[in-house]
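**Student:** Input file: start-v8.cif. Contents: mmCIF, C-alpha atoms.
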```
data_structure
#
loop_
_atom_site.label_atom_id
_atom_site.label_comp_id
_atom_site.auth_asym_id
_atom_site.auth_seq_id
_atom_site.Cartn_x
_atom_site.Cartn_y
_atom_site.Cartn_z
CA MET A 81 -27.95 -0.34 -11.97
CA ALA A 82 -27.42 2.88 -13.94
CA VAL A 83 -24.13 2.09 -15.68
CA PRO A 84 -24.00 2.58 -19.42
CA PRO A 85 -23.38 -0.52 -21.54
CA ILE A 86 -19.76 -1.32 -22.20
CA GLU A 87 -18.66 0.16 -25.48
CA ARG A 88 -15.41 0.69 -27.25
CA ARG A 89 -13.94 4.10 -26.62
CA PRO A 90 -11.71 5.84 -29.07
CA CYS A 91 -7.94 5.40 -28.79
CA ALA A 92 -6.69 6.96 -25.56
CA GLY A 93 -5.52 10.23 -27.06
CA ARG A 94 -2.39 11.70 -28.66
CA TYR A 95 0.39 13.16 -26.59
CA THR A 96 3.52 15.10 -27.36
CA ASP A 97 5.46 13.44 -24.55
CA LEU A 98 5.33 10.12 -22.73
CA VAL A 99 4.92 11.91 -19.39
CA ASP A 100 1.72 13.54 -20.59
CA SER A 101 0.24 10.15 -21.41
CA ILE A 102 0.31 9.05 -17.75
CA GLY A 103 -3.09 8.12 -16.38
CA ASN A 104 -6.40 7.56 -18.24
CA THR A 105 -6.09 3.87 -17.51
CA PRO A 106 -8.88 1.43 -18.38
CA LEU A 107 -11.42 -0.18 -16.07
CA ILE A 108 -11.77 -3.90 -16.70
CA GLU A 109 -14.77 -5.79 -15.38
CA LEU A 110 -13.81 -9.06 -13.66
CA LYS A 111 -16.87 -11.23 -14.19
CA ARG A 112 -15.36 -14.51 -13.02
CA LEU A 113 -14.23 -13.18 -9.66
CA SER A 114 -17.53 -11.47 -8.92
CA PRO A 115 -19.37 -13.47 -6.25
CA LYS A 116 -22.86 -12.33 -7.30
CA PRO A 117 -24.50 -11.30 -10.56
CA GLY A 118 -25.63 -7.94 -9.20
CA VAL A 119 -22.18 -6.90 -7.98
CA ARG A 120 -19.71 -5.77 -10.59
CA ILE A 121 -16.00 -5.75 -9.80
CA TRP A 122 -13.82 -3.38 -11.79
CA ALA A 123 -10.03 -3.44 -11.92
CA LYS A 124 -8.38 -0.11 -12.72
CA LEU A 125 -5.30 -1.12 -14.68
CA GLU A 126 -2.62 1.22 -13.39
CA SER A 127 -0.16 -1.26 -14.83
CA MET A 128 -0.94 0.38 -18.19
CA ASN A 129 0.99 3.49 -17.22
CA PRO A 130 4.27 4.10 -19.10
CA THR A 131 6.62 2.46 -16.60
CA GLY A 132 4.05 -0.11 -15.58
CA SER A 133 2.76 1.22 -12.27
CA ILE A 134 0.46 3.70 -10.56
CA LYS A 135 3.55 5.50 -9.28
CA ASP A 136 3.90 7.23 -12.63
CA ARG A 137 1.04 9.47 -11.50
CA VAL A 138 2.74 10.21 -8.19
CA ALA A 139 6.17 10.84 -9.63
CA LYS A 140 4.71 13.21 -12.25
CA SER A 141 2.82 15.07 -9.54
CA LEU A 142 5.84 15.30 -7.24
CA ILE A 143 8.06 16.77 -9.94
CA GLU A 144 5.48 19.06 -11.54
CA ASN A 145 4.37 20.34 -8.15
CA ALA A 146 7.98 21.19 -7.37
CA GLU A 147 8.32 22.93 -10.71
CA GLU A 148 5.14 24.96 -10.18
CA LYS A 149 6.26 26.09 -6.75
CA GLY A 150 9.73 26.97 -7.96
CA LEU A 151 11.32 24.39 -5.68
CA ILE A 152 13.55 22.99 -8.40
CA SER A 153 15.53 24.59 -11.18
CA PRO A 154 16.30 23.19 -14.62
CA GLY A 155 18.97 20.54 -14.33
CA GLN A 156 18.77 20.30 -10.53
CA THR A 157 19.50 16.92 -8.97
CA ILE A 158 16.51 15.08 -7.54
CA LEU A 159 17.18 12.75 -4.60
CA GLU A 160 14.73 10.16 -3.25
CA PRO A 161 15.01 7.06 -1.07
CA THR A 162 13.14 4.31 -2.90
CA SER A 163 13.87 1.04 -4.56
CA GLY A 164 10.32 0.46 -5.64
CA ASN A 165 8.00 1.68 -8.31
CA THR A 166 8.34 5.32 -7.28
CA GLY A 167 12.03 5.24 -8.03
CA ILE A 168 11.44 3.72 -11.44
CA SER A 169 8.75 6.27 -12.27
CA LEU A 170 10.91 9.15 -11.07
CA ALA A 171 13.78 7.81 -13.16
CA MET A 172 11.74 7.90 -16.36
CA ILE A 173 10.20 11.30 -15.67
CA CYS A 174 13.45 12.90 -14.56
CA ALA A 175 15.14 11.58 -17.69
CA ARG A 176 12.40 13.10 -19.85
CA LYS A 177 12.52 16.43 -18.02
CA GLY A 178 16.30 16.72 -17.75
CA TYR A 179 16.78 16.31 -13.99
CA PRO A 180 19.59 14.04 -12.82
CA LEU A 181 18.15 11.55 -10.32
CA LYS A 182 19.92 9.96 -7.37
CA VAL A 183 18.07 7.03 -5.84
CA VAL A 184 19.11 5.84 -2.40
CA MET A 185 18.27 2.21 -1.82
CA PRO A 186 19.35 -0.78 0.29
CA ASP A 187 22.20 -2.71 -1.25
CA ASN A 188 20.34 -6.03 -1.26
CA VAL A 189 17.57 -5.31 -3.73
CA THR A 190 16.84 -7.57 -6.68
CA PRO A 191 18.63 -7.29 -10.01
CA GLU A 192 15.36 -6.34 -11.77
CA ARG A 193 14.98 -3.17 -9.74
CA THR A 194 18.61 -2.20 -10.24
CA GLU A 195 18.34 -2.75 -13.98
CA LEU A 196 15.12 -0.75 -14.32
CA LEU A 197 16.58 2.20 -12.44
CA LYS A 198 19.84 2.15 -14.41
CA MET A 199 17.99 1.73 -17.68
CA TYR A 200 16.20 5.04 -17.14
CA GLY A 201 19.46 6.70 -16.20
CA ALA A 202 19.18 6.97 -12.41
CA GLU A 203 22.34 7.07 -10.31
CA ILE A 204 22.08 4.57 -7.49
CA VAL A 205 23.52 5.23 -4.05
CA TYR A 206 23.47 2.16 -1.83
CA SER A 207 22.60 2.18 1.85
CA PRO A 208 23.30 -0.77 4.22
CA GLY A 209 20.94 -3.62 3.35
CA ASP A 210 20.39 -4.63 6.95
CA GLN A 211 18.88 -1.24 7.73
CA GLY A 212 16.19 -1.64 5.10
CA SER A 213 14.53 1.43 3.73
CA ASN A 214 14.76 3.21 7.10
CA GLY A 215 18.48 3.24 6.36
CA ALA A 216 17.89 4.55 2.85
CA VAL A 217 15.68 7.37 4.17
CA ALA A 218 18.27 8.29 6.79
CA MET A 219 21.07 8.34 4.23
CA ALA A 220 19.04 10.42 1.80
CA LEU A 221 18.20 12.94 4.52
CA GLU A 222 21.88 13.20 5.38
CA MET A 223 22.81 13.74 1.75
CA ALA A 224 20.11 16.39 1.36
CA ALA A 225 21.30 18.17 4.50
CA GLU A 226 24.89 18.20 3.23
CA ASN A 227 24.05 19.45 -0.24
CA ALA A 228 21.54 22.24 -0.66
CA ASP A 229 21.50 21.65 -4.41
CA TYR A 230 19.54 18.42 -4.02
CA TYR A 231 15.76 18.36 -3.97
CA MET A 232 14.06 15.47 -2.18
CA PRO A 233 10.35 15.05 -3.02
CA TYR A 234 9.72 12.52 -0.15
CA GLN A 235 6.57 10.72 -1.30
CA TYR A 236 5.58 9.68 2.25
CA GLY A 237 5.03 13.23 3.36
CA ASN A 238 4.35 15.21 0.19
CA GLU A 239 0.77 16.30 -0.50
CA ALA A 240 1.46 16.11 -4.23
CA ASN A 241 1.24 12.34 -3.79
CA PRO A 242 -2.45 12.11 -2.79
CA ARG A 243 -3.26 15.07 -5.03
CA ALA A 244 -2.30 12.99 -8.07
CA HIS A 245 -5.14 10.63 -7.17
CA TYR A 246 -7.58 13.29 -6.05
CA GLU A 247 -7.27 15.01 -9.42
CA GLY A 248 -6.55 11.98 -11.61
CA THR A 249 -7.39 8.46 -10.49
CA ALA A 250 -10.59 9.39 -8.68
CA VAL A 251 -11.95 11.61 -11.44
CA GLU A 252 -11.34 8.95 -14.07
CA ILE A 253 -13.27 6.36 -12.08
CA LEU A 254 -16.18 8.71 -11.42
CA ASP A 255 -16.30 9.68 -15.05
CA GLU A 256 -16.17 6.13 -16.35
CA LEU A 257 -18.88 4.81 -14.03
CA ASP A 258 -21.03 7.97 -14.06
CA GLY A 259 -20.54 8.33 -10.33
CA ASN A 260 -21.90 4.87 -9.59
CA VAL A 261 -19.20 3.67 -7.21
CA ASP A 262 -20.21 1.78 -4.09
CA ALA A 263 -16.84 0.60 -2.84
CA PHE A 264 -13.23 1.44 -3.57
CA VAL A 265 -10.34 -0.78 -2.54
CA ALA A 266 -6.66 0.09 -2.75
CA GLY A 267 -3.43 -0.87 -1.06
CA LEU A 268 -2.10 1.02 1.92
CA GLY A 269 1.52 1.86 1.19
CA THR A 270 2.35 5.54 1.39
CA GLY A 271 -1.38 6.14 1.70
CA GLY A 272 -1.45 8.42 -1.32
CA THR A 273 -3.95 6.51 -3.45
CA LEU A 274 -6.40 5.94 -0.62
CA MET A 275 -6.19 9.45 0.78
CA GLY A 276 -6.52 11.17 -2.59
CA VAL A 277 -9.32 8.98 -3.94
CA ALA A 278 -11.16 8.83 -0.61
CA ARG A 279 -11.15 12.59 -0.26
CA ARG A 280 -12.57 13.05 -3.77
CA PHE A 281 -15.12 10.24 -3.49
CA LYS A 282 -16.40 11.41 -0.12
CA GLU A 283 -16.79 14.94 -1.52
CA GLU A 284 -18.67 13.74 -4.59
CA LEU A 285 -20.55 10.69 -3.27
CA GLY A 286 -20.74 11.08 0.49
CA ASP A 287 -21.48 7.99 2.51
CA ARG A 288 -22.70 6.04 -0.50
CA VAL A 289 -19.14 4.88 -1.12
CA THR A 290 -17.16 2.62 1.20
CA ILE A 291 -13.41 3.21 1.21
CA VAL A 292 -11.41 0.10 2.03
CA ALA A 293 -7.68 -0.24 2.61
CA ALA A 294 -5.89 -3.51 1.95
CA GLU A 295 -2.85 -3.60 4.17
CA PRO A 296 0.20 -5.85 3.90
CA MET A 297 0.71 -8.07 6.89
CA GLN A 298 4.48 -8.20 6.85
CA GLY A 299 5.88 -11.61 7.64
CA GLU A 300 7.54 -12.05 11.03
CA PRO A 301 11.09 -12.20 9.65
CA VAL A 302 10.52 -8.69 8.34
CA GLN A 303 9.28 -7.22 11.61
CA GLY A 304 12.79 -6.47 12.78
CA LEU A 305 11.82 -3.80 15.27
CA ARG A 306 13.50 -3.22 18.62
CA SER A 307 10.35 -1.70 20.00
CA LEU A 308 6.88 -0.77 18.86
CA ASP A 309 8.01 2.86 18.80
CA ASP A 310 10.21 1.97 15.83
CA GLY A 311 7.09 1.74 13.73
CA PHE A 312 6.36 4.14 10.93
CA ILE A 313 3.18 5.85 9.82
CA PRO A 314 3.39 7.95 6.66
CA PRO A 315 2.51 11.54 7.52
CA ILE A 316 -0.07 11.82 4.75
CA ILE A 317 -2.32 9.10 6.19
CA ASP A 318 -5.63 10.17 7.80
CA LEU A 319 -7.46 7.10 9.08
CA SER A 320 -10.74 8.98 9.37
CA LEU A 321 -11.06 8.78 5.58
CA LEU A 322 -11.16 4.99 5.69
CA ASP A 323 -14.25 2.88 6.35
CA ARG A 324 -12.45 -0.44 6.58
CA LYS A 325 -8.79 -1.46 6.89
CA ILE A 326 -8.08 -5.13 6.35
CA PHE A 327 -4.75 -6.91 6.39
CA VAL A 328 -3.77 -9.55 3.88
CA THR A 329 -1.11 -12.16 4.59
CA ASN A 330 1.72 -12.76 2.13
CA ARG A 331 0.28 -16.16 1.36
CA ASP A 332 -3.15 -14.82 0.52
CA ALA A 333 -1.65 -12.03 -1.55
CA VAL A 334 0.24 -14.54 -3.66
CA VAL A 335 -2.76 -16.89 -3.97
CA TRP A 336 -4.94 -14.08 -5.21
CA THR A 337 -2.27 -12.76 -7.57
CA ARG A 338 -2.43 -16.19 -9.18
CA ARG A 339 -6.24 -16.09 -9.24
CA LEU A 340 -6.13 -12.78 -11.09
CA LEU A 341 -3.93 -14.44 -13.69
CA ASP A 342 -5.63 -17.83 -13.84
CA GLU A 343 -9.24 -16.68 -13.72
CA GLU A 344 -9.13 -13.26 -15.34
CA GLY A 345 -5.93 -13.31 -17.39
CA LEU A 346 -4.51 -10.36 -15.47
CA PHE A 347 -0.73 -10.42 -15.02
CA ALA A 348 -0.39 -8.21 -11.96
CA GLY A 349 1.99 -7.61 -9.08
CA VAL A 350 1.50 -9.03 -5.60
CA SER A 351 -0.15 -5.98 -4.07
CA SER A 352 -2.89 -6.25 -6.70
CA GLY A 353 -3.61 -9.81 -5.62
CA ALA A 354 -3.97 -8.66 -2.04
CA ILE A 355 -6.26 -5.83 -3.04
CA ALA A 356 -8.35 -8.15 -5.22
CA ARG A 357 -8.82 -10.50 -2.28
CA VAL A 358 -10.27 -7.68 -0.21
CA ALA A 359 -12.34 -6.38 -3.11
CA VAL A 360 -14.01 -9.75 -3.60
CA ARG A 361 -14.72 -9.97 0.12
CA ILE A 362 -16.35 -6.54 0.07
CA ALA A 363 -18.32 -7.56 -3.02
CA SER A 364 -19.60 -10.66 -1.25
CA GLU A 365 -21.07 -8.44 1.48
CA MET A 366 -23.10 -6.44 -1.06
CA ASP A 367 -26.28 -7.29 -2.93
CA GLU A 368 -25.56 -5.06 -5.88
CA GLY A 369 -23.26 -2.26 -6.90
CA ASN A 370 -19.86 -1.43 -8.33
CA VAL A 371 -16.65 -2.27 -6.54
CA VAL A 372 -13.52 -0.69 -7.99
CA PHE A 373 -10.04 -1.78 -7.03
CA ILE A 374 -6.56 -0.77 -8.13
CA VAL A 375 -4.18 -3.00 -10.04
CA CYS A 376 -1.03 -1.15 -8.99
CA ASP A 377 1.53 -2.72 -11.25
CA ASP A 378 2.23 -5.57 -13.60
CA GLY A 379 4.04 -8.75 -12.66
CA TRP A 380 7.36 -8.44 -14.47
CA LYS A 381 9.38 -7.42 -11.42
CA TYR A 382 8.15 -10.49 -9.53
CA LEU A 383 8.55 -13.02 -12.32
CA SER A 384 11.80 -14.53 -11.07
CA SER A 385 10.16 -15.42 -7.74
CA GLY A 386 8.26 -18.21 -9.51
CA LEU A 387 4.99 -17.20 -7.87
CA TYR A 388 3.10 -17.29 -11.17
CA THR A 389 3.92 -20.92 -11.88
CA LEU A 390 4.83 -22.63 -8.59
CA PRO A 391 2.40 -23.89 -5.95
CA VAL A 392 2.23 -21.12 -3.35
CA ASP A 393 3.88 -23.23 -0.64
CA GLU A 394 6.90 -23.73 -2.89
CA VAL A 395 7.49 -20.00 -3.35
CA GLU A 396 10.79 -19.28 -1.62
CA ASN A 397 11.06 -16.74 1.15
CA LEU A 398 7.30 -16.19 1.25
CA GLU A 399 7.41 -14.75 4.78
CA SER A 400 10.79 -13.03 4.64
CA THR A 401 10.01 -11.09 1.49
CA VAL A 402 8.46 -7.65 1.46
CA TRP A 403 6.23 -8.15 -1.55
CA TRP A 404 4.50 -4.77 -1.46
CA MET B 220 -11.72 -16.16 25.74
CA ALA B 221 -10.24 -14.29 22.78
CA THR B 222 -6.94 -15.38 21.30
CA ILE B 223 -4.33 -12.65 20.88
CA ARG B 224 -1.48 -13.10 18.39
CA ILE B 225 1.63 -11.39 19.74
CA PRO B 226 4.22 -9.85 17.39
CA PRO B 227 7.89 -10.83 17.86
CA VAL B 228 8.79 -7.44 19.33
CA LEU B 229 6.28 -7.93 22.17
CA ARG B 230 6.90 -11.61 22.95
CA PRO B 231 9.58 -11.04 25.58
CA SER B 232 6.89 -9.20 27.56
CA VAL B 233 4.56 -12.20 27.55
CA GLY B 234 7.03 -14.91 28.43
CA GLY B 235 7.97 -15.59 24.83
CA GLU B 236 4.51 -16.80 23.82
CA ARG B 237 3.29 -16.38 20.24
CA GLU B 238 -0.37 -16.44 21.31
CA VAL B 239 -2.06 -15.69 24.60
CA GLU B 240 -5.68 -15.74 25.66
CA ALA B 241 -7.60 -13.05 27.47
CA ASP B 242 -11.20 -12.38 28.37
CA GLY B 243 -13.21 -9.33 27.53
CA ALA B 244 -16.35 -8.10 25.83
CA THR B 245 -14.52 -5.37 23.94
CA VAL B 246 -11.06 -4.93 22.47
CA GLY B 247 -10.27 -2.54 25.32
CA ASP B 248 -11.31 -5.11 27.92
CA VAL B 249 -9.27 -7.85 26.30
CA LEU B 250 -6.14 -5.67 26.10
CA SER B 251 -6.61 -4.50 29.69
CA ASN B 252 -6.77 -8.10 30.81
CA LEU B 253 -3.66 -8.85 28.76
CA VAL B 254 -1.85 -6.00 30.48
CA GLU B 255 -3.01 -7.20 33.89
CA ALA B 256 -1.62 -10.66 33.20
CA HIS B 257 1.55 -9.28 31.60
CA PRO B 258 2.33 -5.82 33.06
CA ALA B 259 5.42 -5.40 30.90
CA THR B 260 3.12 -4.87 27.91
CA ARG B 261 1.42 -1.81 29.37
CA ASP B 262 3.87 0.87 28.31
CA GLN B 263 4.30 -0.65 24.87
CA LEU B 264 0.61 -0.92 24.12
CA PHE B 265 -0.78 2.19 25.76
CA GLY B 266 0.21 5.80 26.13
CA GLU B 267 -0.13 7.75 29.36
CA ASP B 268 -3.56 8.92 28.25
CA GLY B 269 -4.80 5.34 28.09
CA ASP B 270 -5.09 5.38 24.31
CA LEU B 271 -3.41 2.83 22.12
CA ASN B 272 0.19 3.65 21.25
CA ARG B 273 0.00 5.22 17.80
CA TYR B 274 2.51 2.74 16.39
CA VAL B 275 0.45 -0.25 17.49
CA ASN B 276 -2.22 -1.68 15.25
CA VAL B 277 -4.80 -4.06 16.70
CA TYR B 278 -6.90 -6.15 14.38
CA LEU B 279 -10.12 -7.95 15.22
CA ASN B 280 -9.65 -11.02 13.08
CA ASP B 281 -8.14 -9.12 10.14
CA GLU B 282 -9.71 -5.65 10.50
CA ASP B 283 -8.01 -2.70 12.11
CA VAL B 284 -10.12 -1.73 15.14
CA ARG B 285 -9.17 1.93 14.81
CA VAL B 286 -11.37 2.01 11.71
CA LEU B 287 -14.14 0.10 13.51
CA ASP B 288 -15.10 1.18 17.04
CA GLY B 289 -11.58 1.44 18.44
CA LEU B 290 -11.17 0.01 21.92
CA ALA B 291 -14.97 -0.23 22.17
CA THR B 292 -15.12 -2.74 19.32
CA VAL B 293 -17.11 -5.77 20.47
CA VAL B 294 -15.27 -9.08 20.73
CA THR B 295 -16.95 -12.49 20.67
CA GLU B 296 -15.73 -15.95 21.71
CA ALA B 297 -14.76 -16.94 18.20
CA ASP B 298 -12.69 -13.81 17.56
CA SER B 299 -8.97 -13.45 17.52
CA LEU B 300 -6.97 -10.28 17.96
CA VAL B 301 -3.73 -9.64 16.14
CA ILE B 302 -1.31 -7.01 17.40
CA LEU B 303 1.08 -5.69 14.77
CA PRO B 304 3.57 -2.85 14.64
CA ALA B 305 2.75 -0.02 12.23
CA MET B 306 4.90 -0.48 9.17
CA ALA B 307 4.42 1.36 5.94
CA GLY B 308 4.07 -0.56 2.75
CA GLY B 309 5.94 0.03 -0.51
CA ALA B 310 9.23 -1.89 -0.96
CA ARG B 311 10.47 -1.10 2.54
CA THR B 312 13.19 -3.61 2.65
CA SER B 313 14.28 -6.05 0.01
CA LEU B 314 13.31 -9.13 -1.85
CA GLN B 315 15.65 -11.57 -0.19
CA ARG B 316 17.19 -14.32 -2.28
#
```
Take the structure from the file and write it as structure tokens.

**Tutor:**
Amino acid sequence: MAVPPIERRPCAGRYTDLVDSIGNTPLIELKRLSPKPGVRIWAKLESMNPTGSIKDRVAKSLIENAEEKGLISPGQTILEPTSGNTGISLAMICARKGYPLKVVMPDNVTPERTELLKMYGAEIVYSPGDQGSNGAVAMALEMAAENADYYMPYQYGNEANPRAHYEGTAVEILDELDGNVDAFVAGLGTGGTLMGVARRFKEELGDRVTIVAAEPMQGEPVQGLRSLDDGFIPPIIDLSLLDRKIFVTNRDAVVWTRRLLDEEGLFAGVSSGAIARVAVRIASEMDEGNVVFIVCDDGWKYLSSGLYTLPVDEVENLESTVWW
Amino acid sequence: MATIRIPPVLRPSVGGEREVEADGATVGDVLSNLVEAHPATRDQLFGEDGDLNRYVNVYLNDEDVRVLDGLATVVTEADSLVILPAMAGGARTSLQR
């Protein structure tokens, strides 16, 4: 297989601002998880971004896209419904760039998320916890409608989200592996990573590359829908770009998050465990080639759940938790 | 006979069952037989054009059939179907303690 030998690369550059250092994350080969000698599995460590997640790329793209298009003015308030990594990334970037940030989130999120948002200076507006993030989105839309001074990037429907991966994540992988990518696996959340990388890979590699989505299978306690029409599909998702779409149960996601830690020393979040599970399955179906998957974030936000040290069946609220 | 796992939102339409069985050589056949046995599921699963409701995901074992051969995806005896509502990932609700 035409992949150059692994060699040390120089230090990953000098930057005049933390925001500029986002991206250029390393690829780590996971030899112990590879099911066959001829198939190499590579983890792209997005946890190495400044706030610890791949969302740094997205948040940077959302804000800089708005700046380029003249959609926001210096000092304008940014508003976004999110309690996850996007909020944390936006908080850091908005603080660096001088934009006040209001984050709308359900009032029953964990202390870690609240602390991380406050630490970067975000103002938190709470929405009713029992309405989940649908409630947060609704409240944010109301606030944006009532105040024309707010700008809401809306990651689920903003093309700057997948563009961050089309121009960044995908190019880095192609460059590092000299175009020798046979399968790419990422989590299906907003769809940004998969859409952006898939579009770039299909343009550059055609049908050689298989694009695989790992999808969370939300536990039944979380499926609080009145009808199937209450479902939600992020507007940026185009299923025709995917070759496979495989769900992963909460239990499997946690088991594989532990395997990443125990077998490869990788301290990653739960979505990364789910994605790794699918990546290894795809690898087992191949005879040779490179499988690349995304490690979306590190494990610090999930530490208090005990999932890194308890037997999986002793992890509390395994089915009622939205892990990713 | 394929086994179909029914999501909570659809269970009232199948007499409260968590799993039901239905025959069929393809996903479309199996779902049609499900609808025949439980007519209340028709309008939730299918649109007027006969296509799957866009907010319904159907998995053959654990793979979304929309990314395989859709309703024409072949089903064997050992397969199970899972019906799930479309829900976006990314901390949608909360870590509950």

**Student:** Suppose you want the space between CA of Thr105 (chain A) and CA of Arg193 (chain A); what is it in Å?

**Tutor:**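 The value is 23.5 Å.
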
**Student:** Report the distance between CA of Asn397 (chain A) and CA of Val334 (chain A) in Å, rounded to one decimal place.

**Tutor:**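 Separation between CA of Asn397 (chain A) and CA of Val334 (chain A): 12.0 Å.
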
**Student:** My list of candidates is B:Val275, B:Met220, B:Gly247, B:Pro231. Which is closest to Asp298 (chain B) when distances are computed with all atoms listed in the file?

**Tutor:**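 Answer, going by the shortest atom-to-atom distance: B:Met220.
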
**Student:** Could you jot down the CA of Thr389 (chain A) to CA of Phe373 (chain A) separation for me, Å, one decimal place?

**Tutor:**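 Rounded to one decimal, the two atoms are 24.2 Å apart.
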
**Student:** Box for region 334-346 of chain A: with edges along x, y and z, all listed atoms inside and 5 Å added on each side, what are the centre and edge lengths in Å to one decimal, as lines of an AutoDock Vina configuration file?

**Tutor:**
```
center_x = -4.5
center_y = -14.1
center_z = -10.5
size_x = 19.5
size_y = 17.5
size_z = 23.7
```

**Student:** Taking the file above as input, evaluate the PyMOL selection byres ((chain B and resi 271) around 10) and report the hits as a CSV table (one decimal) with C-alpha atoms, keeping the file's coordinate frame.

**Tutor:**
```csv
chain,number,residue,atom,x,y,z
B,247,GLY,CA,-10.3,-2.5,25.3
B,250,LEU,CA,-6.1,-5.7,26.1
B,261,ARG,CA,1.4,-1.8,29.4
B,262,ASP,CA,3.9,0.9,28.3
B,263,GLN,CA,4.3,-0.6,24.9
B,264,LEU,CA,0.6,-0.9,24.1
B,265,PHE,CA,-0.8,2.2,25.8
B,266,GLY,CA,0.2,5.8,26.1
B,267,GLU,CA,-0.1,7.8,29.4
B,268,ASP,CA,-3.6,8.9,28.2
B,269,GLY,CA,-4.8,5.3,28.1
B,270,ASP,CA,-5.1,5.4,24.3
B,272,ASN,CA,0.2,3.6,21.2
B,273,ARG,CA,0.0,5.2,17.8
B,274,TYR,CA,2.5,2.7,16.4
B,275,VAL,CA,0.4,-0.2,17.5
B,276,ASN,CA,-2.2,-1.7,15.2
B,277,VAL,CA,-4.8,-4.1,16.7
B,285,ARG,CA,-9.2,1.9,14.8
B,289,GLY,CA,-11.6,1.4,18.4
B,290,LEU,CA,-11.2,0.0,21.9
```

**Student:** On this structure, which residues satisfy the PyMOL selection byres ((chain B and resi 242) around 10), written as a short mmCIF file (atom, residue, chain, number, x, y, z; two decimals) with C-alpha atoms, in the frame of the given file?

**Tutor:**
```
data_model
loop_
_atom_site.label_atom_id
_atom_site.label_comp_id
_atom_site.auth_asym_id
_atom_site.auth_seq_id
_atom_site.Cartn_x
_atom_site.Cartn_y
_atom_site.Cartn_z
CA MET B 220 -11.72 -16.16 25.74
CA ALA B 221 -10.24 -14.29 22.78
CA THR B 222 -6.94 -15.38 21.30
CA GLU B 240 -5.68 -15.74 25.66
CA ALA B 241 -7.60 -13.05 27.47
CA GLY B 243 -13.21 -9.33 27.53
CA ALA B 244 -16.35 -8.10 25.83
CA THR B 245 -14.52 -5.37 23.94
CA VAL B 246 -11.06 -4.93 22.47
CA ASP B 248 -11.31 -5.11 27.92
CA VAL B 249 -9.27 -7.85 26.30
CA LEU B 250 -6.14 -5.67 26.10
CA SER B 251 -6.61 -4.50 29.69
CA ASN B 252 -6.77 -8.10 30.81
CA LEU B 253 -3.66 -8.85 28.76
CA VAL B 294 -15.27 -9.08 20.73
CA THR B 295 -16.95 -12.49 20.67
CA GLU B 296 -15.73 -15.95 21.71
#
```

**Student:** Which of these residues is nearest to Val284 (chain B), using all atoms listed in the file: A:Val371, A:Asn227, A:Arg324, A:Glu344?

**Tutor:** A:Arg324

**Student:** Using only C-alpha atoms, determine which residues lie at most 12 Å from Ile225 (chain B), disregarding the query and same-chain residues fewer than 2 positions distant; provide the list as a PyMOL selection string.

**Tutor:** (chain A and resi 300+303+308) or (chain B and resi 222-223+227-240+250+253+260+264+275-278+299-304)

**Student:** Could you tell me which of B:Leu279, B:Val254, B:Ala297, B:Ala291 comes closest to chain A if we count only C-alpha atoms?

**Tutor:**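 The shortest atom-to-atom distance to chain A comes from B:Leu279.
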
**Student:** Write out as a list in words the residues lying within 8 Å of Ile168 (chain A), counting only C-alpha atoms and excluding same-chain residues fewer than 6 positions away.

**Tutor:**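 After dropping sequence-adjacent residues, the list is Thr131, Arg193, Leu196, Leu197 and Tyr200 of chain A.
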
**Student:** On this structure, the PyMOL selection byres ((chain A and resi 370) around 7) would catch which residues? List them as a list in words, sorted by chain and number.

**Tutor:** Val119, Arg120, Ile121, Asn260, Val261, Asp262, Ala263, Gly369, Val371 and Val372 of chain A

**Student:** Quick one: write out the picked residues with C-alpha atoms as a PDB file, in the frame of the given file?

**Tutor:**
```pdb
ATOM      1  CA  VAL A 119     -22.180  -6.900  -7.980  1.00  0.00           C
ATOM      2  CA  ARG A 120     -19.710  -5.770 -10.590  1.00  0.00           C
ATOM      3  CA  ILE A 121     -16.000  -5.750  -9.800  1.00  0.00           C
ATOM      4  CA  ASN A 260     -21.900   4.870  -9.590  1.00  0.00           C
ATOM      5  CA  VAL A 261     -19.200   3.670  -7.210  1.00  0.00           C
ATOM      6  CA  ASP A 262     -20.210   1.780  -4.090  1.00  0.00           C
ATOM      7  CA  ALA A 263     -16.840   0.600  -2.840  1.00  0.00           C
ATOM      8  CA  GLY A 369     -23.260  -2.260  -6.900  1.00  0.00           C
ATOM      9  CA  VAL A 371     -16.650  -2.270  -6.540  1.00  0.00           C
ATOM     10  CA  VAL A 372     -13.520  -0.690  -7.990  1.00  0.00           C
TER      11      VAL A 372
END
```

**Student:** Can you work out which one of B:Val293, B:Asp288, B:Asp281, B:His257 has the shortest atom-to-atom distance to chain A, counting only C-alpha atoms?

**Tutor:**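 Smallest separation from chain A among the options: B:Asp281.
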
**Student:** Rank B:Thr292, B:Arg224, B:Ala256, B:Asp283 by their smallest atom-to-atom distance to Ala305 (chain B), using all atoms listed in the file, and report the top residue only.

**Tutor:**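 Smallest separation from Ala305 (chain B) among the options: B:Asp283.
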
**Student:** Name all residues at most 7 Å from Thr337 (chain A) (count all atoms listed in the file; drop same-chain ones fewer than 2 positions away) and give them as number ranges by chain.

**Tutor:** A: 333-335, 339-341, 348-350, 352-353

**Student:** Select, from A:Asp367, A:Asn214, A:Arg338, A:Glu394, the residue with the minimum atom-to-atom distance to chain B, counting only C-alpha atoms.

**Tutor:**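 Using only C-alpha atoms, chain B sits closest to A:Asn214.
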
**Student:** Tell me, as a list in words, which residues lie within 8 Å of region 95-102 of chain A, counting all atoms listed in the file; anything in the same chain fewer than 3 positions away does not count.

**Tutor:**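 Those residues are Asn129, Pro130, Asp136, Arg137, Lys140, Ile173 and Arg176 of chain A.
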